[in-house]
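input.pdb follows; it contains PDB, C-alpha atoms.
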ATOM      1  CA  MET A   1       6.686 -32.538  -0.009
ATOM      2  CA  ASN A   2       3.382 -34.442  -0.063
ATOM      3  CA  PHE A   3       2.809 -33.645   3.604
ATOM      4  CA  LEU A   4       3.435 -29.966   2.938
ATOM      5  CA  TYR A   5       0.863 -29.932   0.125
ATOM      6  CA  ALA A   6      -1.548 -31.906   2.297
ATOM      7  CA  ALA A   7      -1.207 -29.343   5.121
ATOM      8  CA  TYR A   8      -1.723 -26.391   2.761
ATOM      9  CA  THR A   9      -4.713 -28.081   1.142
ATOM     10  CA  ALA A  10      -6.253 -28.953   4.525
ATOM     11  CA  THR A  11      -5.873 -25.346   5.717
ATOM     12  CA  TRP A  12      -7.525 -23.948   2.598
ATOM     13  CA  VAL A  13     -10.298 -26.557   2.683
ATOM     14  CA  ILE A  14     -11.113 -25.765   6.336
ATOM     15  CA  HIS A  15     -11.277 -22.003   5.722
ATOM     16  CA  ILE A  16     -13.206 -22.243   2.460
ATOM     17  CA  THR A  17     -15.693 -24.701   3.976
ATOM     18  CA  TYR A  18     -16.304 -22.294   6.852
ATOM     19  CA  LEU A  19     -16.766 -19.379   4.439
ATOM     20  CA  GLY A  20     -19.246 -21.539   2.491
ATOM     21  CA  ILE A  21     -21.183 -22.236   5.705
ATOM     22  CA  LEU A  22     -21.293 -18.489   6.428
ATOM     23  CA  VAL A  23     -22.604 -17.739   2.921
ATOM     24  CA  ARG A  24     -25.329 -20.391   3.316
ATOM     25  CA  ARG A  25     -26.352 -18.904   6.673
ATOM     26  CA  TYR A  26     -26.560 -15.437   5.099
ATOM     27  CA  GLN A  27     -28.752 -16.799   2.296
ATOM     28  CA  ARG A  28     -31.066 -18.566   4.767
ATOM     29  CA  LEU A  29     -31.349 -15.400   6.847
ATOM     30  CA  GLN A  30     -32.057 -13.348   3.739
ATOM     31  CA  HIS A  31     -34.887 -15.767   2.908
ATOM     32  CA  GLU A  32     -36.310 -15.442   6.436
ATOM     33  CA  ILE A  33     -36.209 -11.635   6.150
ATOM     34  CA  GLU A  34     -38.098 -11.837   2.810
ATOM     35  CA  VAL A  35     -40.748 -14.055   4.424
ATOM     36  CA  LEU A  36     -41.110 -11.629   7.332
ATOM     37  CA  LYS A  37     -41.396  -8.675   4.944
ATOM     38  CA  LYS A  38     -44.140 -10.437   2.961
ATOM     39  CA  ALA A  39     -45.987 -11.351   6.158
ATOM     40  CA  GLY A  40     -45.661  -7.739   7.345
ATOM     41  CA  SER A  41     -46.984  -6.252   4.094
ATOM     42  CA  SER A  42     -49.969  -8.658   3.921
ATOM     43  CA  THR A  43     -51.245  -7.788   7.440
TER      44      THR A  43
ATOM     45  CA  MET B   1      13.518 -31.496   8.051
ATOM     46  CA  GLY B   2      13.279 -30.211   4.504
ATOM     47  CA  ASN B   3      10.201 -28.618   2.979
ATOM     48  CA  VAL B   4       7.913 -30.050   5.652
ATOM     49  CA  GLN B   5       9.278 -27.353   7.959
ATOM     50  CA  ARG B   6       7.171 -24.828   6.012
ATOM     51  CA  ILE B   7       4.008 -26.185   7.676
ATOM     52  CA  PHE B   8       5.279 -24.168  10.654
ATOM     53  CA  TYR B   9       4.240 -20.939   8.847
ATOM     54  CA  TYR B  10       0.605 -22.072   8.864
ATOM     55  CA  HIS B  11       0.581 -24.004  12.115
ATOM     56  CA  VAL B  12       2.039 -21.397  14.497
ATOM     57  CA  PRO B  13       0.126 -18.295  13.267
ATOM     58  CA  SER B  14      -3.113 -20.324  13.354
ATOM     59  CA  ALA B  15      -2.403 -21.294  16.972
ATOM     60  CA  TRP B  16      -1.607 -17.711  18.008
ATOM     61  CA  THR B  17      -4.734 -16.417  16.272
ATOM     62  CA  ALA B  18      -6.885 -19.081  17.968
ATOM     63  CA  PHE B  19      -5.427 -18.177  21.376
ATOM     64  CA  LEU B  20      -6.109 -14.485  20.789
ATOM     65  CA  LEU B  21      -9.719 -15.204  19.768
ATOM     66  CA  PHE B  22     -10.255 -17.442  22.810
ATOM     67  CA  PHE B  23      -8.836 -14.684  24.995
ATOM     68  CA  ILE B  24     -11.331 -12.165  23.551
ATOM     69  CA  ASN B  25     -14.073 -14.759  24.090
ATOM     70  CA  PHE B  26     -12.953 -15.051  27.733
ATOM     71  CA  VAL B  27     -13.044 -11.277  28.272
ATOM     72  CA  CYS B  28     -16.498 -11.030  26.648
ATOM     73  CA  SER B  29     -17.808 -13.916  28.769
ATOM     74  CA  VAL B  30     -16.512 -12.356  31.982
ATOM     75  CA  GLN B  31     -18.066  -9.021  31.073
ATOM     76  CA  TYR B  32     -21.386 -10.623  30.134
ATOM     77  CA  LEU B  33     -21.549 -12.248  33.582
ATOM     78  CA  VAL B  34     -20.372  -9.313  35.693
ATOM     79  CA  ARG B  35     -22.534  -6.750  33.916
ATOM     80  CA  GLN B  36     -25.609  -8.390  35.371
ATOM     81  CA  ASP B  37     -24.620  -7.090  38.789
ATOM     82  CA  LYS B  38     -23.212  -3.618  39.503
ATOM     83  CA  VAL B  39     -21.105  -4.688  42.471
ATOM     84  CA  ALA B  40     -19.602  -7.613  40.516
ATOM     85  CA  ASP B  41     -18.855  -5.234  37.644
ATOM     86  CA  THR B  42     -17.005  -2.805  39.916
ATOM     87  CA  ILE B  43     -15.089  -5.647  41.586
ATOM     88  CA  ALA B  44     -14.132  -7.087  38.162
ATOM     89  CA  ASN B  45     -12.872  -3.661  37.020
ATOM     90  CA  TRP B  46     -10.606  -3.374  40.046
ATOM     91  CA  VAL B  47      -9.423  -6.963  39.760
ATOM     92  CA  VAL B  48      -8.408  -6.376  36.123
ATOM     93  CA  ILE B  49      -6.636  -3.107  37.002
ATOM     94  CA  LEU B  50      -4.788  -4.781  39.904
ATOM     95  CA  LEU B  51      -3.931  -7.788  37.707
ATOM     96  CA  GLY B  52      -2.499  -5.513  34.990
ATOM     97  CA  VAL B  53      -0.460  -3.436  37.433
ATOM     98  CA  ALA B  54       0.711  -6.514  39.399
ATOM     99  CA  THR B  55       1.833  -8.215  36.163
ATOM    100  CA  CYS B  56       3.835  -5.143  35.158
ATOM    101  CA  VAL B  57       5.483  -4.863  38.595
ATOM    102  CA  ALA B  58       6.094  -8.626  38.915
ATOM    103  CA  ALA B  59       7.733  -8.708  35.482
ATOM    104  CA  PHE B  60      10.550  -6.491  36.745
ATOM    105  CA  VAL B  61      10.699  -7.766  40.345
ATOM    106  CA  ILE B  62      10.485 -11.572  40.088
ATOM    107  CA  ARG B  63      13.819 -13.228  39.272
ATOM    108  CA  PRO B  64      14.616 -15.402  37.478
ATOM    109  CA  LEU B  65      11.971 -15.487  34.751
ATOM    110  CA  PRO B  66      11.872 -18.647  32.599
ATOM    111  CA  ASP B  67      14.501 -18.797  29.837
ATOM    112  CA  GLY B  68      13.927 -16.385  26.991
ATOM    113  CA  ILE B  69      11.023 -14.500  28.600
ATOM    114  CA  GLU B  70      11.746 -10.793  28.745
ATOM    115  CA  PRO B  71      10.267  -8.614  31.536
ATOM    116  CA  SER B  72       9.086  -6.110  28.899
ATOM    117  CA  SER B  73       7.049  -8.788  27.073
ATOM    118  CA  VAL B  74       5.366  -9.859  30.333
ATOM    119  CA  ALA B  75       4.576  -6.212  31.172
ATOM    120  CA  THR B  76       3.196  -5.661  27.649
ATOM    121  CA  THR B  77       0.951  -8.725  28.065
ATOM    122  CA  GLY B  78      -0.369  -7.319  31.356
ATOM    123  CA  LEU B  79      -1.134  -3.963  29.747
ATOM    124  CA  ALA B  80      -2.720  -5.674  26.719
ATOM    125  CA  ILE B  81      -5.099  -7.608  29.025
ATOM    126  CA  LEU B  82      -6.025  -4.327  30.705
ATOM    127  CA  GLY B  83      -6.505  -2.565  27.349
ATOM    128  CA  VAL B  84      -8.627  -5.286  25.721
ATOM    129  CA  TYR B  85     -10.869  -5.554  28.794
ATOM    130  CA  PHE B  86     -11.644  -1.837  28.945
ATOM    131  CA  LEU B  87     -11.912  -1.461  25.146
ATOM    132  CA  ILE B  88     -14.601  -4.141  25.034
ATOM    133  CA  LYS B  89     -16.292  -2.637  28.077
ATOM    134  CA  ARG B  90     -16.304   0.819  26.467
ATOM    135  CA  TYR B  91     -17.507  -0.145  22.989
ATOM    136  CA  CYS B  92     -19.738  -3.225  23.499
ATOM    137  CA  SER B  93     -23.126  -3.316  25.181
ATOM    138  CA  GLY B  94     -24.327  -6.408  27.089
ATOM    139  CA  LYS B  95     -25.938  -8.071  24.055
ATOM    140  CA  SER B  96     -23.108  -7.290  21.671
ATOM    141  CA  THR B  97     -20.601  -8.651  24.196
ATOM    142  CA  ASP B  98     -22.475 -11.952  24.095
ATOM    143  CA  ALA B  99     -22.578 -11.873  20.282
ATOM    144  CA  LEU B 100     -18.839 -11.147  20.137
ATOM    145  CA  ALA B 101     -18.218 -14.095  22.486
ATOM    146  CA  VAL B 102     -20.051 -16.484  20.122
ATOM    147  CA  VAL B 103     -18.227 -15.119  17.086
ATOM    148  CA  THR B 104     -14.736 -15.338  18.574
ATOM    149  CA  ALA B 105     -15.378 -18.876  19.869
ATOM    150  CA  GLU B 106     -16.563 -20.049  16.447
ATOM    151  CA  VAL B 107     -13.718 -18.480  14.473
ATOM    152  CA  GLY B 108     -11.240 -19.593  17.161
ATOM    153  CA  VAL B 109     -12.405 -23.191  16.728
ATOM    154  CA  ILE B 110     -11.767 -22.931  12.968
ATOM    155  CA  PHE B 111      -8.172 -21.795  13.567
ATOM    156  CA  CYS B 112      -7.692 -24.403  16.302
ATOM    157  CA  THR B 113      -8.890 -27.052  13.824
ATOM    158  CA  VAL B 114      -6.185 -25.917  11.393
ATOM    159  CA  VAL B 115      -3.632 -26.329  14.209
ATOM    160  CA  LEU B 116      -4.846 -29.845  15.025
ATOM    161  CA  VAL B 117      -4.812 -30.903  11.368
ATOM    162  CA  THR B 118      -1.485 -29.369  10.306
ATOM    163  CA  GLY B 119       0.310 -30.566  13.487
ATOM    164  CA  PRO B 120      -0.022 -34.310  12.748
ATOM    165  CA  LEU B 121       0.801 -33.667   9.068
ATOM    166  CA  TRP B 122       4.112 -32.197  10.232
ATOM    167  CA  ALA B 123       4.652 -34.851  12.941
ATOM    168  CA  ARG B 124       4.275 -37.893  10.641
ATOM    169  CA  PRO B 125       7.424 -37.279   8.534
ATOM    170  CA  VAL B 126       9.427 -35.687  11.382
ATOM    171  CA  TRP B 127       8.559 -37.855  14.422
ATOM    172  CA  GLY B 128       7.378 -40.908  12.490
ATOM    173  CA  ILE B 129       3.982 -40.827  14.244
ATOM    174  CA  TRP B 130       0.773 -38.894  13.624
ATOM    175  CA  TRP B 131      -0.079 -38.237  17.255
ATOM    176  CA  THR B 132       1.264 -38.714  20.759
ATOM    177  CA  TRP B 133      -0.550 -38.073  24.034
ATOM    178  CA  ASP B 134       1.911 -35.506  25.342
ATOM    179  CA  VAL B 135       0.775 -32.468  27.346
ATOM    180  CA  ARG B 136       0.873 -29.857  24.571
ATOM    181  CA  LEU B 137      -1.034 -31.961  22.067
ATOM    182  CA  THR B 138      -3.556 -33.325  24.561
ATOM    183  CA  SER B 139      -4.285 -29.937  26.150
ATOM    184  CA  THR B 140      -4.817 -28.428  22.672
ATOM    185  CA  LEU B 141      -7.269 -31.219  21.836
ATOM    186  CA  VAL B 142      -9.062 -30.632  25.165
ATOM    187  CA  LEU B 143      -9.220 -26.890  24.393
ATOM    188  CA  TRP B 144     -10.778 -27.640  20.992
ATOM    189  CA  LEU B 145     -13.306 -30.034  22.570
ATOM    190  CA  ILE B 146     -14.284 -27.471  25.241
ATOM    191  CA  TYR B 147     -15.030 -24.847  22.589
ATOM    192  CA  ILE B 148     -16.869 -27.395  20.426
ATOM    193  CA  SER B 149     -19.090 -28.135  23.438
ATOM    194  CA  TYR B 150     -19.515 -24.369  23.930
ATOM    195  CA  LEU B 151     -20.751 -23.998  20.344
ATOM    196  CA  MET B 152     -23.026 -27.040  20.698
ATOM    197  CA  LEU B 153     -24.518 -25.541  23.856
ATOM    198  CA  ARG B 154     -25.157 -22.310  21.965
ATOM    199  CA  GLN B 155     -26.667 -24.134  19.003
ATOM    200  CA  PHE B 156     -28.959 -26.628  20.688
ATOM    201  CA  SER B 157     -29.959 -25.148  24.049
ATOM    202  CA  THR B 158     -33.254 -23.249  23.978
ATOM    203  CA  SER B 159     -33.133 -22.110  27.591
ATOM    204  CA  GLY B 160     -33.115 -18.372  28.333
ATOM    205  CA  GLN B 161     -30.090 -18.995  30.539
ATOM    206  CA  THR B 162     -27.966 -20.298  27.633
ATOM    207  CA  PRO B 163     -25.721 -17.181  27.384
ATOM    208  CA  VAL B 164     -24.987 -17.348  31.129
ATOM    209  CA  LEU B 165     -24.168 -21.079  31.019
ATOM    210  CA  ALA B 166     -22.076 -20.616  27.881
ATOM    211  CA  ALA B 167     -20.178 -17.707  29.461
ATOM    212  CA  ALA B 168     -19.355 -19.855  32.511
ATOM    213  CA  LEU B 169     -18.182 -22.704  30.247
ATOM    214  CA  ALA B 170     -16.067 -20.275  28.200
ATOM    215  CA  ILE B 171     -14.305 -19.044  31.348
ATOM    216  CA  PHE B 172     -13.342 -22.626  32.259
ATOM    217  CA  GLY B 173     -12.302 -23.239  28.647
ATOM    218  CA  ALA B 174     -10.063 -20.181  28.585
ATOM    219  CA  LEU B 175      -8.214 -21.466  31.661
ATOM    220  CA  ASP B 176      -6.862 -24.188  29.377
ATOM    221  CA  VAL B 177      -5.187 -21.625  27.072
ATOM    222  CA  PRO B 178      -2.297 -20.753  29.467
ATOM    223  CA  LEU B 179      -1.842 -24.485  30.138
ATOM    224  CA  VAL B 180      -1.510 -25.138  26.400
ATOM    225  CA  TYR B 181       0.854 -22.209  25.913
ATOM    226  CA  PHE B 182       3.138 -22.832  28.907
ATOM    227  CA  SER B 183       3.010 -26.650  28.809
ATOM    228  CA  ILE B 184       6.261 -26.796  26.849
ATOM    229  CA  TRP B 185       7.996 -24.714  29.515
ATOM    230  CA  ILE B 186       6.553 -26.634  32.475
ATOM    231  CA  PHE B 187       6.598 -30.241  31.217
ATOM    232  CA  ARG B 188       8.984 -32.335  29.162
ATOM    233  CA  THR B 189       7.076 -32.720  25.918
ATOM    234  CA  GLN B 190       7.744 -34.147  22.488
ATOM    235  CA  HIS B 191       6.452 -30.899  20.951
ATOM    236  CA  PRO B 192       9.335 -28.620  19.820
ATOM    237  CA  GLN B 193      10.417 -25.936  22.290
ATOM    238  CA  PRO B 194       9.279 -22.366  21.565
ATOM    239  CA  VAL B 195      11.410 -20.575  18.998
ATOM    240  CA  ILE B 196      10.301 -17.128  20.162
ATOM    241  CA  GLY B 197      10.525 -16.048  23.800
ATOM    242  CA  GLY B 198      11.473 -19.487  25.003
ATOM    243  CA  GLY B 199      15.209 -19.687  24.800
ATOM    244  CA  GLY B 200      15.167 -21.167  21.304
ATOM    245  CA  SER B 201      16.496 -19.384  18.260
ATOM    246  CA  ILE B 202      15.073 -18.664  14.838
ATOM    247  CA  ASP B 203      16.703 -17.221  11.743
ATOM    248  CA  PRO B 204      15.629 -13.540  11.388
ATOM    249  CA  ARG B 205      14.409 -14.224   7.815
ATOM    250  CA  MET B 206      12.202 -17.031   9.107
ATOM    251  CA  LEU B 207      10.953 -14.785  11.908
ATOM    252  CA  HIS B 208       9.950 -12.089   9.391
ATOM    253  CA  VAL B 209       8.012 -14.586   7.284
ATOM    254  CA  LEU B 210       6.352 -15.981  10.400
ATOM    255  CA  LEU B 211       5.299 -12.532  11.642
ATOM    256  CA  ILE B 212       4.037 -11.474   8.192
ATOM    257  CA  ASN B 213       2.044 -14.691   8.013
ATOM    258  CA  TRP B 214       0.594 -14.043  11.450
ATOM    259  CA  LEU B 215      -0.401 -10.533  10.404
ATOM    260  CA  ALA B 216      -2.159 -12.008   7.349
ATOM    261  CA  PHE B 217      -3.926 -14.598   9.520
ATOM    262  CA  LEU B 218      -4.982 -11.843  11.941
ATOM    263  CA  CYS B 219      -6.410  -9.753   9.094
ATOM    264  CA  PHE B 220      -8.245 -12.796   7.747
ATOM    265  CA  ALA B 221      -9.603 -13.636  11.215
ATOM    266  CA  GLY B 222     -10.662  -9.996  11.683
ATOM    267  CA  LEU B 223     -12.554 -10.003   8.383
ATOM    268  CA  ILE B 224     -14.314 -13.289   9.147
ATOM    269  CA  CYS B 225     -15.183 -12.106  12.668
ATOM    270  CA  ARG B 226     -16.610  -8.867  11.274
ATOM    271  CA  SER B 227     -18.967 -10.587   8.833
ATOM    272  CA  ARG B 228     -19.873 -13.323  11.342
ATOM    273  CA  TYR B 229     -20.645 -10.617  13.926
ATOM    274  CA  ARG B 230     -22.968  -8.828  11.501
ATOM    275  CA  LEU B 231     -24.653 -12.148  10.731
ATOM    276  CA  GLU B 232     -25.109 -12.863  14.446
ATOM    277  CA  ILE B 233     -26.650  -9.452  15.151
ATOM    278  CA  LEU B 234     -28.966  -9.768  12.109
ATOM    279  CA  GLN B 235     -29.948 -13.285  13.169
ATOM    280  CA  ARG B 236     -30.857 -12.064  16.655
ATOM    281  CA  GLU B 237     -32.932  -9.209  15.232
ATOM    282  CA  VAL B 238     -34.811 -11.621  12.949
ATOM    283  CA  GLU B 239     -35.454 -13.962  15.897
ATOM    284  CA  GLU B 240     -36.833 -11.030  17.914
ATOM    285  CA  VAL B 241     -39.158 -10.018  15.062
ATOM    286  CA  GLN B 242     -40.291 -13.640  14.635
ATOM    287  CA  ALA B 243     -41.042 -13.860  18.363
ATOM    288  CA  LEU B 244     -43.034 -10.609  18.201
ATOM    289  CA  GLU B 245     -44.927 -11.879  15.124
ATOM    290  CA  GLY B 246     -45.770 -15.061  17.038
ATOM    291  CA  LEU B 247     -47.087 -13.033  19.980
ATOM    292  CA  HIS B 248     -49.093 -10.818  17.647
ATOM    293  CA  GLU B 249     -50.689 -13.859  15.954
ATOM    294  CA  LEU B 250     -51.479 -15.405  19.329
ATOM    295  CA  ARG B 251     -53.218 -12.219  20.502
ATOM    296  CA  SER B 252     -55.214 -11.794  17.297
ATOM    297  CA  SER B 253     -56.376 -15.452  17.407
ATOM    298  CA  ARG B 254     -57.761 -14.860  20.925
TER     299      ARG B 254
END

Can you dump the structure from the file as structure tokens?
Amino acid sequence: MNFLYAAYTATWVIHITYLGILVRRYQRLQHEIEVLKKAGSST
Amino acid sequence: MGNVQRIFYYHVPSAWTAFLLFFINFVCSVQYLVRQDKVADTIANWVVILLGVATCVAAFVIRPLPDGIEPSSVATTGLAILGVYFLIKRYCSGKSTDALAVVTAEVGVIFCTVVLVTGPLWARPVWGIWWTWDVRLTSTLVLWLIYISYLMLRQFSTSGQTPVLAAALAIFGALDVPLVYFSIWIFRTQHPQPVIGGGGSIDPRMLHVLLINWLAFLCFAGLICRSRYRLEILQREVEEVQALEGLHELRSSR
């Protein structure tokens, strides 16, 4: 039973970690877009 | 086998989903390469058509097929290859084909990682070992490593030729997928024999659960691919704007 729980946990951890990485990438990109917008409005 | 058997419902759908994503990556990579030359594009179209038709004909002509493989399933696979190729060709431009290739490789690696982690967790209580270097397991590990190197090439190479190199690598990587899939038919392996389309049998209730799980995994993979694709396109647009800004600054400083 422990192996079953370990497999389920590992699967969820892998998927949630990847989703977390995607969210971080979105946030970084959003920040870059803000910087570009500011640079565009100041010129 | 007991409750450990239930790992099968995560392990197998993850593997099928990874294979499907790697197949889409392969089609995108081929199209990215052949679209750079009109003659190559035309030749590729005809090769795919001939391959699809030949698969359908061969399915009903060649006898005997390996145990448990139905001619109709081989013919359906041939038609599916044909359909996916021309669907991507119809709805994706050159740049979006490349973006789709990156996305499917990345998400495919995630699902392949699940396969490589859940497999040993099942093997330890059933076989008594975590890992053995048999053909199915080794070829899956090689497949995972090829796509990891593909993603590393994408991430760290700054050359303008990166998409072309990555597409070529992806084509070689995808050649490993049939080897992984058919290894248990061709070689004597420790990995269990296929329970669907391989002469094995599975309780219909188990089959239903397995197929429902696969559908759920496909939906999940589709959703992740969709948002990752949007992120990739947005990222490329931002990079283009940044490059233009850099050029603009360079000109104004002169």

Contacts from chain B to chain A, 7 Å maximum, all atoms listed in the file: show me the residue list as a PDB file with C-alpha atoms, keeping the file's coordinate frame.
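Output file part03.pdb is given in full below:
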ATOM      1  CA  ASN B   3      10.201 -28.618   2.979  1.00  0.00           C
ATOM      2  CA  VAL B   4       7.913 -30.050   5.652  1.00  0.00           C
ATOM      3  CA  ILE B   7       4.008 -26.185   7.676  1.00  0.00           C
ATOM      4  CA  VAL B 114      -6.185 -25.917  11.393  1.00  0.00           C
ATOM      5  CA  THR B 118      -1.485 -29.369  10.306  1.00  0.00           C
ATOM      6  CA  LEU B 121       0.801 -33.667   9.068  1.00  0.00           C
ATOM      7  CA  TRP B 122       4.112 -32.197  10.232  1.00  0.00           C
ATOM      8  CA  LEU B 231     -24.653 -12.148  10.731  1.00  0.00           C
ATOM      9  CA  GLN B 235     -29.948 -13.285  13.169  1.00  0.00           C
ATOM     10  CA  VAL B 238     -34.811 -11.621  12.949  1.00  0.00           C
TER      11      VAL B 238
END

Residues selected by the PyMOL selection byres ((chain B and resi 123) around 12), written as a PyMOL selection string:
(chain A and resi 3-4+7) or (chain B and resi 1+4-5+7-8+11+115-122+124-132+137+190-192)

Exactly which residues make up the result of the PyMOL selection byres ((chain B and resi 205-216) around 8) on this file, given as an mmCIF file with C-alpha atoms, keeping the file's coordinate frame?
data_model
loop_
_atom_site.group_PDB
_atom_site.id
_atom_site.type_symbol
_atom_site.label_atom_id
_atom_site.label_comp_id
_atom_site.auth_asym_id
_atom_site.auth_seq_id
_atom_site.Cartn_x
_atom_site.Cartn_y
_atom_site.Cartn_z
ATOM 1 C CA TYR B 9 4.240 -20.939 8.847
ATOM 2 C CA TYR B 10 0.605 -22.072 8.864
ATOM 3 C CA PRO B 13 0.126 -18.295 13.267
ATOM 4 C CA SER B 14 -3.113 -20.324 13.354
ATOM 5 C CA TRP B 16 -1.607 -17.711 18.008
ATOM 6 C CA THR B 17 -4.734 -16.417 16.272
ATOM 7 C CA ILE B 202 15.073 -18.664 14.838
ATOM 8 C CA ASP B 203 16.703 -17.221 11.743
ATOM 9 C CA PRO B 204 15.629 -13.540 11.388
ATOM 10 C CA PHE B 217 -3.926 -14.598 9.520
ATOM 11 C CA LEU B 218 -4.982 -11.843 11.941
ATOM 12 C CA CYS B 219 -6.410 -9.753 9.094
ATOM 13 C CA PHE B 220 -8.245 -12.796 7.747
#

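The coordinates place CA of Cys92 in chain B at 12.1 Å from CA of Tyr229 in chain B.
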
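For the pair CA of Asp41 in chain B and CA of Asp176 in chain B, the interatomic distance is 23.9 Å.
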